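**Student:** Next up, start.cif (mmCIF, C-alpha atoms).
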data_coords
loop_
_atom_site.label_atom_id
_atom_site.label_comp_id
_atom_site.auth_asym_id
_atom_site.auth_seq_id
_atom_site.Cartn_x
_atom_site.Cartn_y
_atom_site.Cartn_z
CA MET P 905 -44.24 54.14 -87.28
CA GLU P 906 -43.85 54.28 -83.51
CA SER P 907 -47.31 52.72 -83.14
CA SER P 908 -46.43 49.85 -85.48
CA THR P 909 -43.21 49.19 -83.61
CA PHE P 910 -44.97 49.09 -80.25
CA ARG P 911 -47.64 46.73 -81.55
CA ASN P 912 -45.07 44.33 -82.93
CA SER P 913 -43.23 44.31 -79.62
CA VAL P 914 -46.43 43.58 -77.74
CA HIS P 915 -47.37 40.69 -80.00
CA THR P 916 -43.89 39.14 -79.98
CA MET P 917 -43.53 39.39 -76.20
CA ARG P 918 -44.87 36.28 -74.55
CA THR P 919 -45.17 35.70 -70.82
CA HIS P 920 -42.61 33.30 -69.38
CA GLY P 921 -44.02 30.52 -67.19
CA ASP P 922 -43.41 30.31 -63.47
CA ASP P 923 -40.69 28.16 -61.95
CA LEU P 924 -41.61 25.28 -59.63
CA ARG P 925 -39.90 23.78 -56.57
CA VAL P 926 -39.97 20.24 -55.23
CA ASP P 927 -38.12 18.65 -52.27
CA ILE P 928 -36.59 15.17 -52.26
CA LEU P 929 -35.39 13.15 -49.27
CA LEU P 930 -32.45 10.89 -50.17
CA ASP P 931 -30.87 8.02 -48.33
CA PHE P 932 -27.26 8.41 -47.23
CA GLU P 933 -25.98 5.93 -49.83
CA GLU P 934 -28.10 7.51 -52.60
CA ALA P 935 -26.55 10.91 -51.94
CA ILE P 936 -23.06 9.44 -52.07
CA PHE P 937 -23.34 7.26 -55.16
CA GLY P 938 -26.18 9.02 -56.98
CA VAL P 939 -29.61 7.78 -57.98
CA GLU P 940 -32.26 8.17 -60.65
CA ARG P 941 -35.72 9.14 -59.41
CA LEU P 942 -39.13 9.39 -61.04
CA MET P 943 -41.24 12.12 -59.44
CA GLU P 944 -44.84 13.03 -60.03
CA VAL P 945 -45.01 16.79 -60.62
CA SER P 946 -48.21 18.82 -60.91
CA HIS P 947 -47.73 21.80 -63.26
CA LEU P 948 -49.45 23.88 -65.94
CA GLU P 949 -49.09 22.81 -69.56
CA THR P 950 -50.23 24.50 -72.77
CA CYS P 951 -53.76 23.51 -73.74
CA THR P 952 -53.70 21.15 -76.70
CA SER P 953 -57.22 22.12 -77.87
CA CYS P 954 -56.57 25.84 -78.39
CA SER P 955 -52.74 25.71 -78.58
CA GLY P 956 -52.58 28.17 -75.74
CA SER P 957 -54.73 30.90 -77.36
CA GLY P 958 -57.70 30.36 -75.05
CA ALA P 959 -60.22 30.67 -77.95
CA LYS P 960 -62.67 27.97 -78.93
CA SER P 961 -61.68 28.30 -82.57
CA SER P 962 -59.88 30.68 -84.86
CA GLY P 963 -63.17 32.41 -85.66
CA SER P 964 -63.71 33.19 -82.00
CA GLN P 965 -60.97 35.85 -82.10
CA LYS P 966 -61.80 39.40 -83.28
CA THR P 967 -59.93 42.64 -83.59
CA CYS P 968 -60.08 44.72 -80.45
CA PRO P 969 -62.48 47.64 -81.01
CA THR P 970 -60.71 49.79 -78.41
CA CYS P 971 -57.24 49.83 -79.92
CA GLY P 972 -58.16 48.69 -83.42
CA GLY P 973 -55.81 45.75 -83.21
CA GLN P 974 -52.85 47.94 -82.23
CA GLY P 975 -52.66 46.55 -78.73
CA GLN P 976 -52.18 50.08 -77.41
CA THR P 977 -54.03 53.29 -76.85
CA MET P 978 -52.76 56.85 -77.29
CA GLN P 979 -53.97 59.81 -75.29
CA THR P 980 -53.15 63.39 -76.41
CA ILE P 981 -53.04 66.24 -73.94
CA ARG P 982 -52.83 69.93 -74.90
CA THR P 983 -51.07 72.27 -72.52
CA LYS P 984 -49.66 75.78 -72.77
CA PHE P 985 -46.26 74.20 -73.17
CA GLY P 986 -47.38 72.10 -76.15
CA ILE P 987 -49.07 68.82 -77.09
CA PHE P 988 -48.12 65.69 -75.17
CA SER P 989 -49.02 62.12 -76.30
CA GLN P 990 -49.12 59.22 -73.86
CA VAL P 991 -49.10 55.63 -75.19
CA SER P 992 -50.24 52.74 -72.97
CA VAL P 993 -51.23 49.07 -73.32
CA CYS P 994 -54.85 48.55 -74.27
CA SER P 995 -56.85 47.57 -71.22
CA THR P 996 -59.44 45.68 -73.26
CA CYS P 997 -57.17 43.20 -75.04
CA THR P 998 -54.15 43.57 -72.71
CA GLY P 999 -51.92 44.31 -75.66
CA GLU P 1000 -52.95 41.31 -77.75
CA GLY P 1001 -54.83 43.39 -80.33
CA GLU P 1002 -57.57 40.74 -80.36
CA ILE P 1003 -60.36 39.71 -78.08
CA ILE P 1004 -61.91 36.27 -77.60
CA THR P 1005 -65.62 35.98 -78.12
CA SER P 1006 -65.86 32.25 -77.30
CA TYR P 1007 -63.45 30.64 -74.87
CA CYS P 1008 -62.00 27.15 -75.07
CA LYS P 1009 -64.03 24.72 -72.99
CA LYS P 1010 -61.01 22.65 -71.98
CA CYS P 1011 -58.94 25.43 -70.46
CA GLY P 1012 -61.66 28.05 -69.92
CA GLY P 1013 -59.76 30.66 -71.94
CA GLU P 1014 -56.64 30.37 -69.80
CA GLY P 1015 -54.67 28.63 -72.54
CA ARG P 1016 -53.13 26.28 -69.88
CA ILE P 1017 -54.33 23.23 -68.04
CA LYS P 1018 -53.05 21.62 -64.84
CA VAL P 1019 -51.73 18.10 -65.30
CA LYS P 1020 -49.62 15.58 -63.38
CA LYS P 1021 -46.50 14.35 -65.04
CA LEU P 1022 -43.72 11.92 -64.19
CA VAL P 1023 -40.40 13.70 -64.37
CA LYS P 1024 -37.10 11.77 -64.35
CA ILE P 1025 -34.53 13.35 -62.06
CA ASN P 1026 -30.89 12.26 -62.22
CA VAL P 1027 -29.16 12.86 -58.89
CA PRO P 1028 -25.38 12.87 -59.40
CA ALA P 1029 -22.94 11.24 -56.96
CA GLY P 1030 -21.59 13.35 -54.15
CA VAL P 1031 -24.58 15.63 -53.46
CA ASP P 1032 -25.34 16.81 -49.94
CA SER P 1033 -28.20 18.38 -48.03
CA GLY P 1034 -28.97 21.80 -49.49
CA SER P 1035 -27.90 20.90 -53.03
CA THR P 1036 -30.22 22.08 -55.80
CA LEU P 1037 -30.88 20.55 -59.20
CA CYS P 1038 -32.48 22.38 -62.12
CA VAL P 1039 -34.65 20.57 -64.67
CA HIS P 1040 -35.28 22.90 -67.60
CA ASN P 1041 -38.73 23.46 -69.14
CA GLU P 1042 -40.52 21.37 -66.52
CA GLY P 1043 -42.18 24.32 -64.76
CA ASN P 1044 -45.47 26.00 -65.60
CA ALA P 1045 -46.20 26.85 -69.22
CA GLY P 1046 -46.37 30.54 -70.17
CA LEU P 1047 -49.52 32.45 -71.14
CA ARG P 1048 -50.62 32.42 -74.76
CA GLY P 1049 -48.03 29.80 -75.68
CA GLY P 1050 -45.20 31.42 -73.76
CA PRO P 1051 -42.09 29.38 -72.78
CA SER P 1052 -42.27 27.09 -69.77
CA GLY P 1053 -40.42 27.73 -66.54
CA ASP P 1054 -37.91 25.45 -64.84
CA LEU P 1055 -38.24 22.85 -62.10
CA TYR P 1056 -35.89 23.25 -59.13
CA VAL P 1057 -35.25 20.18 -56.99
CA PHE P 1058 -34.00 20.77 -53.42
CA LEU P 1059 -32.24 17.77 -51.89
CA ASN P 1060 -32.23 16.62 -48.27
CA VAL P 1061 -30.13 13.68 -47.05
CA LYS P 1062 -31.06 11.36 -44.19
CA GLU P 1063 -28.62 11.24 -41.32
CA VAL P 1064 -27.01 7.91 -40.41
CA PRO P 1065 -26.00 7.10 -36.80
CA ASN P 1066 -22.24 7.03 -36.15
CA PHE P 1067 -21.50 8.67 -39.51
CA GLN P 1068 -20.40 12.24 -39.98
CA ARG P 1069 -19.64 13.85 -43.30
CA ASP P 1070 -17.33 16.76 -44.01
CA GLY P 1071 -17.14 17.47 -47.71
CA ILE P 1072 -15.86 14.33 -49.38
CA ASN P 1073 -14.51 12.77 -46.16
CA LEU P 1074 -16.38 10.53 -43.73
CA TYR P 1075 -15.84 10.11 -39.98
CA SER P 1076 -17.01 7.34 -37.67
CA ASP P 1077 -16.03 5.52 -34.46
CA VAL P 1078 -15.03 1.91 -33.86
CA SER P 1079 -15.15 0.32 -30.41
CA ILE P 1080 -12.73 -2.44 -29.40
CA ASN P 1081 -11.93 -4.30 -26.19
CA TYR P 1082 -8.91 -3.27 -24.15
CA THR P 1083 -7.27 -6.63 -24.79
CA ASP P 1084 -7.67 -6.14 -28.53
CA ALA P 1085 -6.09 -2.71 -28.21
CA ILE P 1086 -3.06 -4.29 -26.53
CA LEU P 1087 -2.68 -7.38 -28.73
CA GLY P 1088 -4.13 -6.03 -31.98
CA THR P 1089 -7.02 -7.51 -33.92
CA VAL P 1090 -9.05 -7.38 -37.11
CA VAL P 1091 -12.53 -5.88 -36.90
CA GLN P 1092 -15.33 -5.44 -39.41
CA VAL P 1093 -16.28 -1.81 -39.93
CA LYS P 1094 -19.37 -0.52 -41.66
CA SER P 1095 -18.64 1.79 -44.57
CA VAL P 1096 -20.53 3.12 -47.58
CA ASP P 1097 -19.07 0.19 -49.55
CA GLY P 1098 -20.34 -2.39 -47.03
CA LEU P 1099 -18.51 -4.26 -44.27
CA ILE P 1100 -14.72 -3.97 -44.52
CA ASP P 1101 -12.03 -5.76 -42.48
CA VAL P 1102 -9.75 -3.25 -40.76
CA GLN P 1103 -6.45 -4.17 -39.06
CA ILE P 1104 -6.08 -2.72 -35.56
CA PRO P 1105 -2.33 -2.60 -34.77
CA LYS P 1106 -0.83 -3.62 -31.43
CA GLY P 1107 -0.68 -0.96 -28.77
CA THR P 1108 -3.49 1.14 -30.19
CA GLN P 1109 -4.35 4.02 -27.88
CA PRO P 1110 -7.84 5.46 -27.24
CA GLY P 1111 -8.50 8.24 -29.73
CA ASP P 1112 -6.11 6.97 -32.39
CA VAL P 1113 -7.34 7.53 -35.95
CA ILE P 1114 -7.16 4.85 -38.64
CA THR P 1115 -7.54 6.00 -42.25
CA MET P 1116 -9.32 3.98 -44.90
CA ARG P 1117 -8.11 5.44 -48.16
CA HIS P 1118 -10.60 6.18 -50.95
CA ARG P 1119 -13.58 4.98 -48.93
CA GLY P 1120 -15.22 8.38 -48.65
CA VAL P 1121 -17.62 10.40 -50.83
CA PRO P 1122 -17.05 10.87 -54.57
CA LYS P 1123 -16.32 14.42 -55.60
CA LEU P 1124 -19.26 16.16 -57.26
CA ASN P 1125 -18.98 15.99 -61.07
CA LYS P 1126 -15.78 13.93 -60.62
CA PRO P 1127 -16.94 10.47 -59.46
CA THR P 1128 -13.49 8.93 -59.95
CA VAL P 1129 -12.08 11.10 -57.14
CA ARG P 1130 -13.10 9.92 -53.67
CA GLY P 1131 -12.32 11.11 -50.18
CA ASP P 1132 -11.17 9.07 -47.18
CA HIS P 1133 -12.93 7.42 -44.26
CA PHE P 1134 -11.41 8.19 -40.85
CA LEU P 1135 -12.00 5.79 -37.94
CA THR P 1136 -11.57 6.98 -34.36
CA VAL P 1137 -10.73 4.09 -32.03
CA GLN P 1138 -12.72 3.89 -28.79
CA VAL P 1139 -11.32 1.42 -26.24
CA THR P 1140 -13.97 -0.23 -24.06
CA ILE P 1141 -12.92 -0.84 -20.45
CA PRO P 1142 -15.22 -3.19 -18.48
CA LYS P 1143 -16.68 -1.90 -15.22
CA GLN P 1144 -16.93 -5.35 -13.64
CA LEU P 1145 -14.55 -8.30 -13.85
CA SER P 1146 -14.79 -11.88 -12.69
CA GLU P 1147 -12.43 -13.28 -10.08
CA VAL P 1148 -10.31 -15.01 -12.71
CA GLU P 1149 -10.07 -11.83 -14.76
CA CYS P 1150 -9.12 -9.78 -11.70
CA LYS P 1151 -6.40 -12.28 -10.83
CA LEU P 1152 -4.96 -12.20 -14.32
CA VAL P 1153 -5.02 -8.41 -14.43
CA LYS P 1154 -3.22 -8.24 -11.07
CA GLN P 1155 -0.57 -10.66 -12.31
CA LEU P 1156 -0.13 -8.50 -15.39
CA ALA P 1157 0.22 -5.41 -13.20
CA ASP P 1158 2.84 -7.18 -11.02
CA LEU P 1159 4.68 -8.25 -14.14
CA GLN P 1160 4.73 -4.68 -15.41
CA ASN P 1161 6.03 -3.42 -12.06
CA THR P 1162 8.78 -6.05 -12.03
CA LYS P 1163 9.68 -5.27 -15.61
CA SER P 1164 10.02 -1.57 -14.87
CA GLU P 1165 12.14 -2.30 -11.75
CA PHE P 1166 14.58 -4.93 -13.01
CA GLY P 1167 14.45 -4.47 -16.76
CA ALA P 1168 12.94 -6.44 -19.60
CA SER P 1169 15.07 -9.60 -18.99
CA VAL P 1170 13.72 -10.33 -15.47
CA TYR P 1171 10.12 -11.44 -14.96
CA SER P 1172 8.17 -12.28 -11.86
CA THR P 1173 4.64 -13.20 -10.93
CA GLN P 1174 5.22 -12.59 -7.20
CA PRO P 1175 3.96 -9.41 -5.49
CA GLN P 1176 6.70 -6.82 -5.15
CA ARG P 1177 7.66 -5.23 -1.83
CA ALA P 1178 9.02 -1.76 -1.29
CA PRO P 1179 12.70 -1.57 -2.36
CA SER P 1180 15.38 -1.01 0.26
CA ASN P 1181 19.01 0.13 0.05
CA SER P 1182 20.27 -3.44 -0.25
CA ASP P 1183 17.79 -4.10 -3.04
CA SER P 1184 19.14 -1.14 -4.99
CA HIS P 1185 22.65 -2.61 -4.89
CA THR P 1186 21.29 -6.01 -5.82
CA SER P 1187 19.42 -4.57 -8.77
CA LYS P 1188 22.57 -2.84 -9.97
CA GLY P 1189 24.54 -6.07 -9.63
CA ALA P 1190 21.86 -7.98 -11.50
CA ALA P 1191 22.18 -5.59 -14.41
CA GLU P 1192 25.98 -6.01 -14.45
CA CYS P 1193 25.54 -9.76 -14.33
CA GLU P 1194 23.21 -9.72 -17.33
CA ALA P 1195 25.77 -7.70 -19.29
CA ALA P 1196 28.48 -10.24 -18.33
CA HIS P 1197 26.30 -13.13 -19.46
CA ALA P 1198 25.65 -11.48 -22.81
CA LYS P 1199 29.38 -10.88 -23.21
CA SER P 1200 30.20 -14.52 -22.43
CA GLU P 1201 27.66 -15.68 -24.96
CA ARG P 1202 29.32 -13.58 -27.62
CA ARG P 1203 32.73 -15.09 -26.76
CA GLY P 1204 31.48 -18.65 -27.00
CA ILE P 1205 32.37 -21.65 -24.86
CA TRP P 1206 35.98 -22.02 -26.09
CA GLY P 1207 36.69 -18.37 -25.55
CA TYR P 1208 35.29 -18.64 -22.05
CA LEU P 1209 37.45 -21.73 -21.27
CA LYS P 1210 40.55 -20.16 -22.79
CA LYS P 1211 40.17 -17.07 -20.68
CA LEU P 1212 39.46 -19.15 -17.61
CA ALA P 1213 42.53 -21.35 -18.21
CA ALA P 1214 44.77 -18.34 -18.72
CA GLY P 1215 43.68 -16.91 -15.39
CA GLN P 1216 42.14 -13.79 -17.00
CA GLN P 1217 38.59 -14.37 -15.81
CA SER P 1218 37.32 -11.10 -14.41
CA ARG P 1219 36.16 -10.94 -10.87
CA SER P 1220 32.89 -9.47 -11.98
CA ASP P 1221 31.93 -12.79 -13.63
CA PHE P 1222 32.50 -14.73 -10.41
CA GLY P 1223 30.87 -11.98 -8.42
CA CYS P 1224 27.86 -12.27 -10.67
CA LEU P 1225 27.30 -15.89 -9.67
CA THR P 1226 27.72 -15.08 -5.98
CA LEU P 1227 25.36 -12.14 -6.28
CA HIS P 1228 22.56 -14.18 -7.79
CA LEU P 1229 22.93 -16.94 -5.26
CA SER P 1230 22.78 -14.52 -2.34
CA SER P 1231 20.17 -12.14 -3.78
CA SER P 1232 17.03 -11.46 -1.81
CA GLN P 1233 15.03 -11.78 -5.02
CA GLU P 1234 14.35 -15.49 -4.73
CA HIS P 1235 12.23 -15.52 -7.84
CA TYR P 1236 15.34 -15.28 -10.02
CA LEU P 1237 16.48 -18.76 -8.95
CA THR P 1238 13.08 -20.41 -8.59
CA THR P 1239 12.36 -23.71 -10.26
CA SER P 1240 10.39 -22.04 -13.08
CA ASN P 1241 13.15 -19.55 -13.99
CA PHE P 1242 16.30 -21.61 -13.21
CA SER P 1243 16.41 -23.43 -16.56
CA ALA P 1244 19.04 -25.56 -18.28
CA PRO P 1245 20.93 -22.61 -19.86
CA CYS P 1246 21.30 -21.04 -16.43
CA PHE P 1247 22.73 -24.31 -15.00
CA ILE P 1248 25.16 -24.59 -17.89
CA ARG P 1249 26.39 -21.01 -17.39
CA PHE P 1250 26.88 -21.06 -13.65
CA PHE P 1251 27.89 -24.67 -12.87
CA LEU P 1252 28.73 -26.82 -15.87
CA LEU P 1253 31.01 -24.37 -17.71
CA PRO P 1254 33.21 -23.54 -14.69
CA ALA P 1255 33.47 -27.24 -13.77
CA LEU P 1256 34.39 -28.13 -17.32
CA GLY P 1257 36.97 -25.36 -17.37
CA PHE P 1258 38.64 -26.58 -14.19
CA ALA P 1259 38.64 -30.16 -15.52
CA VAL P 1260 40.30 -29.12 -18.77
CA LEU P 1261 42.82 -27.04 -16.88
CA PHE P 1262 43.63 -29.99 -14.60
CA VAL P 1263 44.13 -32.37 -17.55
CA VAL P 1264 46.30 -29.91 -19.47
CA SER P 1265 48.45 -29.21 -16.35
CA ASN P 1266 49.03 -32.95 -15.74
CA PHE P 1267 49.88 -33.47 -19.38
CA LEU P 1268 52.42 -30.66 -19.35
CA PHE P 1269 53.87 -31.93 -16.08
CA MET P 1270 54.32 -35.47 -17.50
CA LEU P 1271 55.97 -34.10 -20.64
CA ARG P 1272 58.34 -32.02 -18.61
CA LYS P 1273 59.23 -34.99 -16.36
CA ARG P 1274 59.83 -37.24 -19.38
CA PHE P 1275 62.17 -34.77 -21.07
CA SER P 1276 64.08 -34.30 -17.82
CA LEU P 1277 64.59 -38.11 -17.50
CA LYS P 1278 65.94 -38.39 -21.04
CA ARG P 1279 68.49 -35.75 -20.33
#
Could you render the structure as structure tokens?
**Tutor:**
Amino acid sequence: MESSTFRNSVHTMRTHGDDLRVDILLDFEEAIFGVERLMEVSHLETCTSCSGSGAKSSGSQKTCPTCGGQGQTMQTIRTKFGIFSQVSVCSTCTGEGEIITSYCKKCGGEGRIKVKKLVKINVPAGVDSGSTLCVHNEGNAGLRGGPSGDLYVFLNVKEVPNFQRDGINLYSDVSINYTDAILGTVVQVKSVDGLIDVQIPKGTQPGDVITMRHRGVPKLNKPTVRGDHFLTVQVTIPKQLSEVECKLVKQLADLQNTKSEFGASVYSTQPQRAPSNSDSHTSKGAAECEAAHAKSERRGIWGYLKKLAAGQQSRSDFGCLTLHLSSSQEHYLTTSNFSAPCFIRFFLLPALGFAVLFVVSNFLFMLRKRFSLKR
């Protein structure tokens, strides 16, 4: 009974085929969005002539004379401790229980032949270098009709300049001119979806990161979920400038210096000298004058005349006019900056106020004289 059980297990056990490995080089876009490839694979398949038996025909197989078709041999040993039996696989038929007298001409008794086959490989979206795909039953066929092995596909992805990948996120750099960084601009950026217009905001600093949402890599097995694309801004500063460019940059630098010294309301294109003690007082007075002007604008012209006629005009307002006229900063009253609103504030409004005051005083005086004569 033990012999019958062993023979059945030997006959039912078939050798599993070997697994195969192939390597594929993918483009960057193919790895991100997936691709379908046809690959030519060389592997062992079961011989169609002998169905994997290796015999020329069914009559070419005979019972093994060594094991008698059992597929095993038993050896009995007598010792002083008793009789021991050792069972082993038959070396003549290798456990098959049959031997082949005439081999198949197509496979030479191997039961397998080597063929080339086109295998379709579906690469999903979101794979990366080092990813492995398994295609079942595309490896080598097993001996004597045994099951085939599997085909393992190892993926490698080409690197793209100026693109870095971290999981499902992408990173790249974008270079802009320093003037575009100051004023803002729209640039075209290369992404996995093609060229995309990206808005660069005003005042962008070198190293700032701009995020393009959902422009990254799809998540593996979840293609509807995508990462982000992060852009690092690189500001290009020219090493050489023309004379015109140098002049404009110097004027801009002088304007920035003047702006930082006198505030945002005063501008100058003249070179600035070192400030002295008198300039510090003048700068303080200029700030007070600007505040007075803003206050007078809020009151309106009639409020200004009413206050002037009532004699409540503050000395700071008159001092403001005197200060600007005697200031060492001549650029404040140059032809380019001394515009019509400035003339109206400093000359026309006071003159108009005095005229109105004169007319009203004469009118009141005449009324008073008339009433006195009637009495």
**Student:** Compile the contact shell of Gly1043 of chain P as a ChimeraX atom specification: residues with an atom at most 6 Å away, counting all atoms listed in the file, same-chain residues fewer than 2 positions apart removed.
**Tutor:** /P:923-924,1041,1052-1055
**Student:** Taking only residues of segment 959-1058 of chain P that have an atom at most 8 Å from an atom of segment 1125-1133 of chain P, what is each one's shortest atom pair and its distance in Å to one decimal, using only C-alpha atoms, in chain and number order, as a Markdown table?
**Tutor:**
| residue | atom | partner | partner_atom | distance |
| --- | --- | --- | --- | --- |
| P:Pro1028 | CA | P:Asn1125 | CA | 7.3 |
| P:Ala1029 | CA | P:Pro1127 | CA | 6.5 |
| P:Gly1030 | CA | P:Pro1127 | CA | 7.6 |
**Student:** Could the residues in this selection be saved with C-alpha atoms as a JSON list (two decimals), in the coordinates of the input?
**Tutor:**
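Written file, selection_24.json:
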[["chain", "number", "residue", "atom", "x", "y", "z"],
["P", 1028, "PRO", "CA", -25.38, 12.87, -59.40],
["P", 1029, "ALA", "CA", -22.94, 11.24, -56.96],
["P", 1030, "GLY", "CA", -21.59, 13.35, -54.15]]
**Student:** Within 10 Å of segment 1104-1115 of chain P, counting all atoms listed in the file, which residues show up once you throw out same-chain ones fewer than 3 positions away? Write them as a VMD selection string, please.
**Tutor:** chain P and resid 1075 to 1080 1082 to 1091 1101 1118 to 1119 1132 to 1140
**Student:** Kindly export the residues of the current selection with C-alpha atoms, as a CSV table (one decimal), in the coordinates of the input.
**Tutor:**
chain,number,residue,atom,x,y,z
P,1075,TYR,CA,-15.8,10.1,-40.0
P,1076,SER,CA,-17.0,7.3,-37.7
P,1077,ASP,CA,-16.0,5.5,-34.5
P,1078,VAL,CA,-15.0,1.9,-33.9
P,1079,SER,CA,-15.2,0.3,-30.4
P,1080,ILE,CA,-12.7,-2.4,-29.4
P,1082,TYR,CA,-8.9,-3.3,-24.2
P,1083,THR,CA,-7.3,-6.6,-24.8
P,1084,ASP,CA,-7.7,-6.1,-28.5
P,1085,ALA,CA,-6.1,-2.7,-28.2
P,1086,ILE,CA,-3.1,-4.3,-26.5
P,1087,LEU,CA,-2.7,-7.4,-28.7
P,1088,GLY,CA,-4.1,-6.0,-32.0
P,1089,THR,CA,-7.0,-7.5,-33.9
P,1090,VAL,CA,-9.0,-7.4,-37.1
P,1091,VAL,CA,-12.5,-5.9,-36.9
P,1101,ASP,CA,-12.0,-5.8,-42.5
P,1118,HIS,CA,-10.6,6.2,-51.0
P,1119,ARG,CA,-13.6,5.0,-48.9
P,1132,ASP,CA,-11.2,9.1,-47.2
P,1133,HIS,CA,-12.9,7.4,-44.3
P,1134,PHE,CA,-11.4,8.2,-40.8
P,1135,LEU,CA,-12.0,5.8,-37.9
P,1136,THR,CA,-11.6,7.0,-34.4
P,1137,VAL,CA,-10.7,4.1,-32.0
P,1138,GLN,CA,-12.7,3.9,-28.8
P,1139,VAL,CA,-11.3,1.4,-26.2
P,1140,THR,CA,-14.0,-0.2,-24.1
**Student:** For the atom pair atom CA of Thr1005 of chain P and atom CA of Ala959 of chain P, what is the interatomic distance in Å to one decimal place?
**Tutor:**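 Spanning atom CA of Thr1005 of chain P to atom CA of Ala959 of chain P is a straight-line distance of 7.6 Å.
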**Student:** Do you know which residues are at most 10 Å from Ala1045 of chain P counting all atoms listed in the file, after dropping those on the same chain fewer than 3 positions away, and could you put them as an MDAnalysis selection string?
**Tutor:** chainID P and resid 919:923 947:951 956 1015:1018 1041:1042 1048:1054
**Student:** Which distance in Å separates atom CA of Leu1022 of chain P and atom CA of Ile928 of chain P, to one decimal?
**Tutor:** 14.3 Å
**Student:** Mind checking which residues fall within 7 Å of Gly999 of chain P, counting all atoms listed in the file, ignoring those fewer than 3 positions away in the same chain, and posting them as a PyMOL selection string?
**Tutor:** chain P and resi 914+975-976+993-994
**Student:** Export, as a PDB file, keeping the file's coordinate frame, the selected residues with C-alpha atoms.
**Tutor:**
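Final file, selection.pdb:
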ATOM      1  CA  VAL P 914     -46.430  43.580 -77.740  1.00  0.00           C
ATOM      2  CA  GLY P 975     -52.660  46.550 -78.730  1.00  0.00           C
ATOM      3  CA  GLN P 976     -52.180  50.080 -77.410  1.00  0.00           C
ATOM      4  CA  VAL P 993     -51.230  49.070 -73.320  1.00  0.00           C
ATOM      5  CA  CYS P 994     -54.850  48.550 -74.270  1.00  0.00           C
TER       6      CYS P 994
END
**Student:** Measure the distance from atom CA of Arg1117 of chain P to atom CA of Glu933 of chain P in Å and round it to one decimal.
**Tutor:** 18.0 Å
**Student:** Quick one: which residues end up in the PyMOL selection byres ((chain P and resi 1072) around 9) for this structure, as a ChimeraX atom specification?
**Tutor:** /P:1030,1069-1071,1073-1074,1120-1124,1130-1132
**Student:** Pick out the closest residue to Asp1032 of chain P from this set: P:Glu1149, P:Glu1063, P:Glu1014, P:Asp1097. Count all atoms listed in the file.
**Tutor:**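 Looking at the shortest contact to Asp1032 of chain P, the residue is P:Glu1063.
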**Student:** Report as a list in words the residues that result from applying the PyMOL selection byres ((chain P and resi 990) around 10) to the structure here.
**Tutor:**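 That selection, the PyMOL selection byres ((chain P and resi 990) around 10), comes back as Thr977, Met978, Gln979, Thr980, Ile981, Phe988, Ser989, Val991 and Ser992 of chain P.
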**Student:** Taking all atoms listed in the file into account, name the residue in P:Ile1141, P:Met1270, P:Val1023, P:Cys1011 that is nearest to Asn1081 of chain P.
**Tutor:**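 Nearest candidate to Asn1081 of chain P out of P:Ile1141, P:Met1270, P:Val1023, P:Cys1011: P:Ile1141.
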**Student:** May I ask which of the residues P:Ser1033, P:Ser962, P:Gln1068, P:Thr1162 is the closest one to Ala935 of chain P, counting only C-alpha atoms?
**Tutor:**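 Of all the options, P:Ser1033 lies closest to Ala935 of chain P.
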**Student:** Give as number ranges by chain the residues that the PyMOL selection byres ((chain P and resi 1002) around 8) matches when applied to the coordinates above.
**Tutor:** P: 965-968, 973, 975, 997, 1000-1001, 1003-1004
